[in-house]
Amino acid sequence: MTSMTSKATPAASPAPVADVSAVIEETARLLAANYVFPEVADRLAALLRGRLEEGAYDTADPAELGARVTADLQSENGDLHLRLKFHAERLLEDGDQVDLTSLRREFAASLGGVPRVELLRGGVTLLELAPMLFRLAWAAEPLSAALTLVARADTLILDLRDTVGGDPDTVAFVCSHLLDERTHLNTQYWRAGDRYEQYWTLPHVPGARFGGAKPVYVLTSGRTFSGGEELTYNLQQLGRAVVVGETTRGGAHPRDGWAVHPHLEASIPVGRAINPISGTNWEGTGVHPDVSCPADRALDHALHLANGEPAPCA
């Protein structure tokens, strides 16, 4: 569920869209070839072509074109991963998948996706994972260090309020530190090859485990999305964590991205999550907290719960 982002190049304002029809046709082609729901893809591709003929996309502004096409793409089933995404920075020009340079900058700026580890009162430790659960090849080292550090705590508060994406392997890596036995976490269906792929906790982790017995609280917000939602949903379905905060955004479809214009990326879901306990996922509904609380008060609420105190926003 990794969000691809743009290549870092100095750029002036985006040039006008020279050939709107080419952008729409390529988006429709990619949609029909890759979207996880083929029948929906065919209907949406026809919708885009029809809207093009109507003149709905006549614009010189790539940002506005992206917004209009995105509204039409999401009109069928509200899939928030399905977008024509505008990038102010210039994308690759060869039509390949979008470059990872900007994503690497986010990784470095967030200390590998672990911007905060803090010891709170009562033996409670806060671990914030944001802005996303980066691909495991990058994130294993900083995550292992942080998860080993918090393993000594009596209680863990996992802050996912600003976690807006992630990789299923990285989700499994985090879950592996919070469970004792090998556990089936999730199954991904991939349209390519019409195949299913299971995700399990690891038999071994490189550092210490927090383990499966001590309390875990997960903080969520209306911003929590995609991979952040998967981590929340996995732990909630297993009864491993108490979720405190707001209902999440509701995006359960892993996506890929293709450049269809120097400043426009076709973001297309290529699979869907299937939880082994619920048999479904959080697409469109979000993950509902066990304890509802405004996001900006969720940490205080969870800390009071962890310490057996009256909650401040019950």
# chains A, B, ... in the order shown; residues from 1 in each chain; ligands from 1
>>> closest_atom_pairs(of="segment 101-135 of chain A", to="segment 227-248 of chain A", cutoff="12 Å", atoms="only C-alpha atoms", output="CSV")
residue,atom,partner,partner_atom,distance
A:Gly113,CA,A:Gly228,CA,11.7
A:Glu128,CA,A:Gly228,CA,11.2
A:Leu129,CA,A:Gly228,CA,8.6
A:Ala130,CA,A:Gly228,CA,8.8
A:Pro131,CA,A:Gly228,CA,9.1
A:Met132,CA,A:Gly228,CA,7.0
A:Leu133,CA,A:Gly227,CA,6.7
A:Phe134,CA,A:Gly227,CA,9.3
A:Arg135,CA,A:Gly227,CA,10.7
>>> write_last_selection(atoms="C-alpha atoms", output="compact mmCIF listing (two decimals), in the first residue's frame")
# COMPACT_ATOMS: atom_id res chain seq x y z
CA GLY A 113 9.20 6.71 9.68
CA GLU A 128 4.83 7.35 16.68
CA LEU A 129 5.02 5.89 13.16
CA ALA A 130 4.62 8.56 10.48
CA PRO A 131 4.12 9.62 7.77
CA MET A 132 4.00 6.03 6.59
CA LEU A 133 5.27 2.52 7.11
CA PHE A 134 7.98 2.69 4.45
CA ARG A 135 9.06 -0.34 2.43
>>> closest_atom_pairs(of="segment 34-146 of chain A", to="segment 161-177 of chain A", cutoff="12 Å", atoms="only C-alpha atoms", output="JSON lines")
{"residue": "A:Leu80", "atom": "CA", "partner": "A:Val164", "partner_atom": "CA", "distance": 11.9}
{"residue": "A:His81", "atom": "CA", "partner": "A:Gly165", "partner_atom": "CA", "distance": 10.4}
{"residue": "A:Leu103", "atom": "CA", "partner": "A:Gly165", "partner_atom": "CA", "distance": 11.5}
{"residue": "A:Phe107", "atom": "CA", "partner": "A:Gly166", "partner_atom": "CA", "distance": 11.7}
{"residue": "A:Ser110", "atom": "CA", "partner": "A:Thr163", "partner_atom": "CA", "distance": 11.5}
{"residue": "A:Gly112", "atom": "CA", "partner": "A:Thr170", "partner_atom": "CA", "distance": 11.9}
{"residue": "A:Gly113", "atom": "CA", "partner": "A:Thr163", "partner_atom": "CA", "distance": 9.0}
{"residue": "A:Val114", "atom": "CA", "partner": "A:Thr163", "partner_atom": "CA", "distance": 10.5}
{"residue": "A:Pro115", "atom": "CA", "partner": "A:Asp162", "partner_atom": "CA", "distance": 10.8}
{"residue": "A:Arg116", "atom": "CA", "partner": "A:Asp162", "partner_atom": "CA", "distance": 11.9}
{"residue": "A:Leu127", "atom": "CA", "partner": "A:Arg161", "partner_atom": "CA", "distance": 11.3}
{"residue": "A:Glu128", "atom": "CA", "partner": "A:Arg161", "partner_atom": "CA", "distance": 8.4}
{"residue": "A:Leu129", "atom": "CA", "partner": "A:Thr163", "partner_atom": "CA", "distance": 6.3}
{"residue": "A:Ala130", "atom": "CA", "partner": "A:Thr163", "partner_atom": "CA", "distance": 4.7}
{"residue": "A:Pro131", "atom": "CA", "partner": "A:Thr163", "partner_atom": "CA", "distance": 4.8}
{"residue": "A:Met132", "atom": "CA", "partner": "A:Gly165", "partner_atom": "CA", "distance": 4.7}
{"residue": "A:Leu133", "atom": "CA", "partner": "A:Gly166", "partner_atom": "CA", "distance": 4.1}
{"residue": "A:Phe134", "atom": "CA", "partner": "A:Gly166", "partner_atom": "CA", "distance": 5.5}
{"residue": "A:Arg135", "atom": "CA", "partner": "A:Asp167", "partner_atom": "CA", "distance": 5.4}
{"residue": "A:Leu136", "atom": "CA", "partner": "A:Thr170", "partner_atom": "CA", "distance": 5.0}
{"residue": "A:Ala137", "atom": "CA", "partner": "A:Thr170", "partner_atom": "CA", "distance": 8.8}
{"residue": "A:Trp138", "atom": "CA", "partner": "A:Thr170", "partner_atom": "CA", "distance": 9.6}
{"residue": "A:Ala139", "atom": "CA", "partner": "A:Thr170", "partner_atom": "CA", "distance": 7.5}
{"residue": "A:Ala140", "atom": "CA", "partner": "A:Thr170", "partner_atom": "CA", "distance": 7.7}
{"residue": "A:Glu141", "atom": "CA", "partner": "A:Phe173", "partner_atom": "CA", "distance": 11.1}
{"residue": "A:Pro142", "atom": "CA", "partner": "A:Val174", "partner_atom": "CA", "distance": 11.4}
{"residue": "A:Leu143", "atom": "CA", "partner": "A:Val174", "partner_atom": "CA", "distance": 7.7}
{"residue": "A:Ser144", "atom": "CA", "partner": "A:Val174", "partner_atom": "CA", "distance": 8.5}
{"residue": "A:Ala145", "atom": "CA", "partner": "A:His177", "partner_atom": "CA", "distance": 11.5}
{"residue": "A:Ala146", "atom": "CA", "partner": "A:Val174", "partner_atom": "CA", "distance": 10.3}
>>> write_last_selection(atoms="C-alpha atoms", output="PDB file, in the first residue's frame")
ATOM      1  CA  LEU A  80      -9.847   6.871  -2.299  1.00  0.00           C
ATOM      2  CA  HIS A  81      -6.712   5.230  -3.733  1.00  0.00           C
ATOM      3  CA  LEU A 103       9.651   9.256  -0.975  1.00  0.00           C
ATOM      4  CA  PHE A 107      11.916   8.668   4.804  1.00  0.00           C
ATOM      5  CA  SER A 110      11.001  11.362   9.434  1.00  0.00           C
ATOM      6  CA  GLY A 112      12.869   6.316   8.820  1.00  0.00           C
ATOM      7  CA  GLY A 113       9.202   6.712   9.676  1.00  0.00           C
ATOM      8  CA  VAL A 114       9.865   6.806  13.447  1.00  0.00           C
ATOM      9  CA  PRO A 115       9.697  10.513  14.350  1.00  0.00           C
ATOM     10  CA  ARG A 116       8.958  10.041  18.053  1.00  0.00           C
ATOM     11  CA  LEU A 127       5.895   5.207  19.627  1.00  0.00           C
ATOM     12  CA  GLU A 128       4.831   7.352  16.683  1.00  0.00           C
ATOM     13  CA  LEU A 129       5.020   5.890  13.163  1.00  0.00           C
ATOM     14  CA  ALA A 130       4.619   8.556  10.476  1.00  0.00           C
ATOM     15  CA  PRO A 131       4.121   9.619   7.774  1.00  0.00           C
ATOM     16  CA  MET A 132       3.999   6.034   6.585  1.00  0.00           C
ATOM     17  CA  LEU A 133       5.273   2.520   7.105  1.00  0.00           C
ATOM     18  CA  PHE A 134       7.979   2.694   4.451  1.00  0.00           C
ATOM     19  CA  ARG A 135       9.059  -0.339   2.434  1.00  0.00           C
ATOM     20  CA  LEU A 136      10.745  -2.867   4.687  1.00  0.00           C
ATOM     21  CA  ALA A 137      14.089  -2.794   2.872  1.00  0.00           C
ATOM     22  CA  TRP A 138      14.405   0.811   4.038  1.00  0.00           C
ATOM     23  CA  ALA A 139      12.538   0.751   7.332  1.00  0.00           C
ATOM     24  CA  ALA A 140      13.675  -2.468   9.017  1.00  0.00           C
ATOM     25  CA  GLU A 141      16.672  -0.852  10.723  1.00  0.00           C
ATOM     26  CA  PRO A 142      14.969   2.210  12.277  1.00  0.00           C
ATOM     27  CA  LEU A 143      11.849   0.222  13.153  1.00  0.00           C
ATOM     28  CA  SER A 144      13.888  -2.551  14.772  1.00  0.00           C
ATOM     29  CA  ALA A 145      15.792  -0.013  16.852  1.00  0.00           C
ATOM     30  CA  ALA A 146      12.615   1.731  18.004  1.00  0.00           C
TER      31      ALA A 146
END
>>> residues_around(residues="segment 43-56 of chain A", least_positions_apart="6", cutoff="12 Å", atoms="only C-alpha atoms", output="PyMOL selection string")
chain A and resi 19-35+37+64-79+82-84+268
>>> residues_around(residues="Thr155 of chain A", least_positions_apart="3", cutoff="7 Å", atoms="only C-alpha atoms", output="JSON, numbers by chain")
{"A": [123, 124, 125, 214, 215, 216]}
>>> residues_around(residues="segment 283-285 of chain A", least_positions_apart="4", cutoff="6 Å", atoms="only C-alpha atoms", output="compact mmCIF listing (two decimals) with N, CA and C atoms, in the first residue's frame")
# COMPACT_ATOMS: atom_id res chain seq x y z
N GLY A 250 -10.49 4.93 5.41
CA GLY A 250 -11.16 3.85 4.68
C GLY A 250 -10.57 3.51 3.33
N GLY A 251 -9.26 3.20 3.28
CA GLY A 251 -8.61 2.80 2.04
C GLY A 251 -7.87 1.49 2.19
N ALA A 252 -8.41 0.41 1.63
CA ALA A 252 -7.84 -0.92 1.85
C ALA A 252 -7.23 -1.54 0.60
>>> select_by_dssp(residues="segment 40-94 of chain A", states="alpha helix (DSSP H)", output="PyMOL selection string")
chain A and resi 40-54+62-73
>>> atom_distance(atom1="atom CA of Tyr217 of chain A", atom2="atom CA of Ala302 of chain A")
6.7 Å
>>> closest_residue(among="A:Phe225, A:Phe86, A:Phe210, A:Trp200", to="Gln188 of chain A", atoms="only C-alpha atoms")
A:Trp200
>>> closest_residue(among="A:Pro269, A:Leu202, A:Asn307, A:Ala295", to="Val40 of chain A", atoms="only C-alpha atoms")
A:Pro269
>>> closest_residue(among="A:Gly222, A:Pro38, A:Pro310, A:Pro254", to="Gly271 of chain A", atoms="only C-alpha atoms")
A:Pro254
>>> closest_residue(among="A:Trp190, A:Tyr57, A:Trp258, A:Tyr199", to="Pro276 of chain A", atoms="only C-alpha atoms")
A:Tyr199
>>> closest_residue(among="A:Asp159, A:Glu265, A:Asp42, A:Glu181", to="Asp300 of chain A", atoms="only C-alpha atoms")
A:Asp159
>>> atom_distance(atom1="atom CA of His304 of chain A", atom2="atom CA of Leu119 of chain A")
14.6 Å
>>> closest_residue(among="A:His204, A:Ala213, A:Thr224, A:Leu158", to="Trp282 of chain A", atoms="only C-alpha atoms")
A:Thr224
>>> select_by_dssp(residues="segment 215-309 of chain A", states="strand (DSSP E or B)", output="list in words")
Val216, Tyr217, Val218, Leu219, Thr220, Val242, Val243, Val244, Gly245, Arg255, Asp256, Gly257, Trp258, Ala259, Val260, His261, Leu264, Glu265, Ala266, Ser267, Ile268, Pro269, Gly271, Arg272, Ala273, Ile274, Val291 and Ser292 of chain A
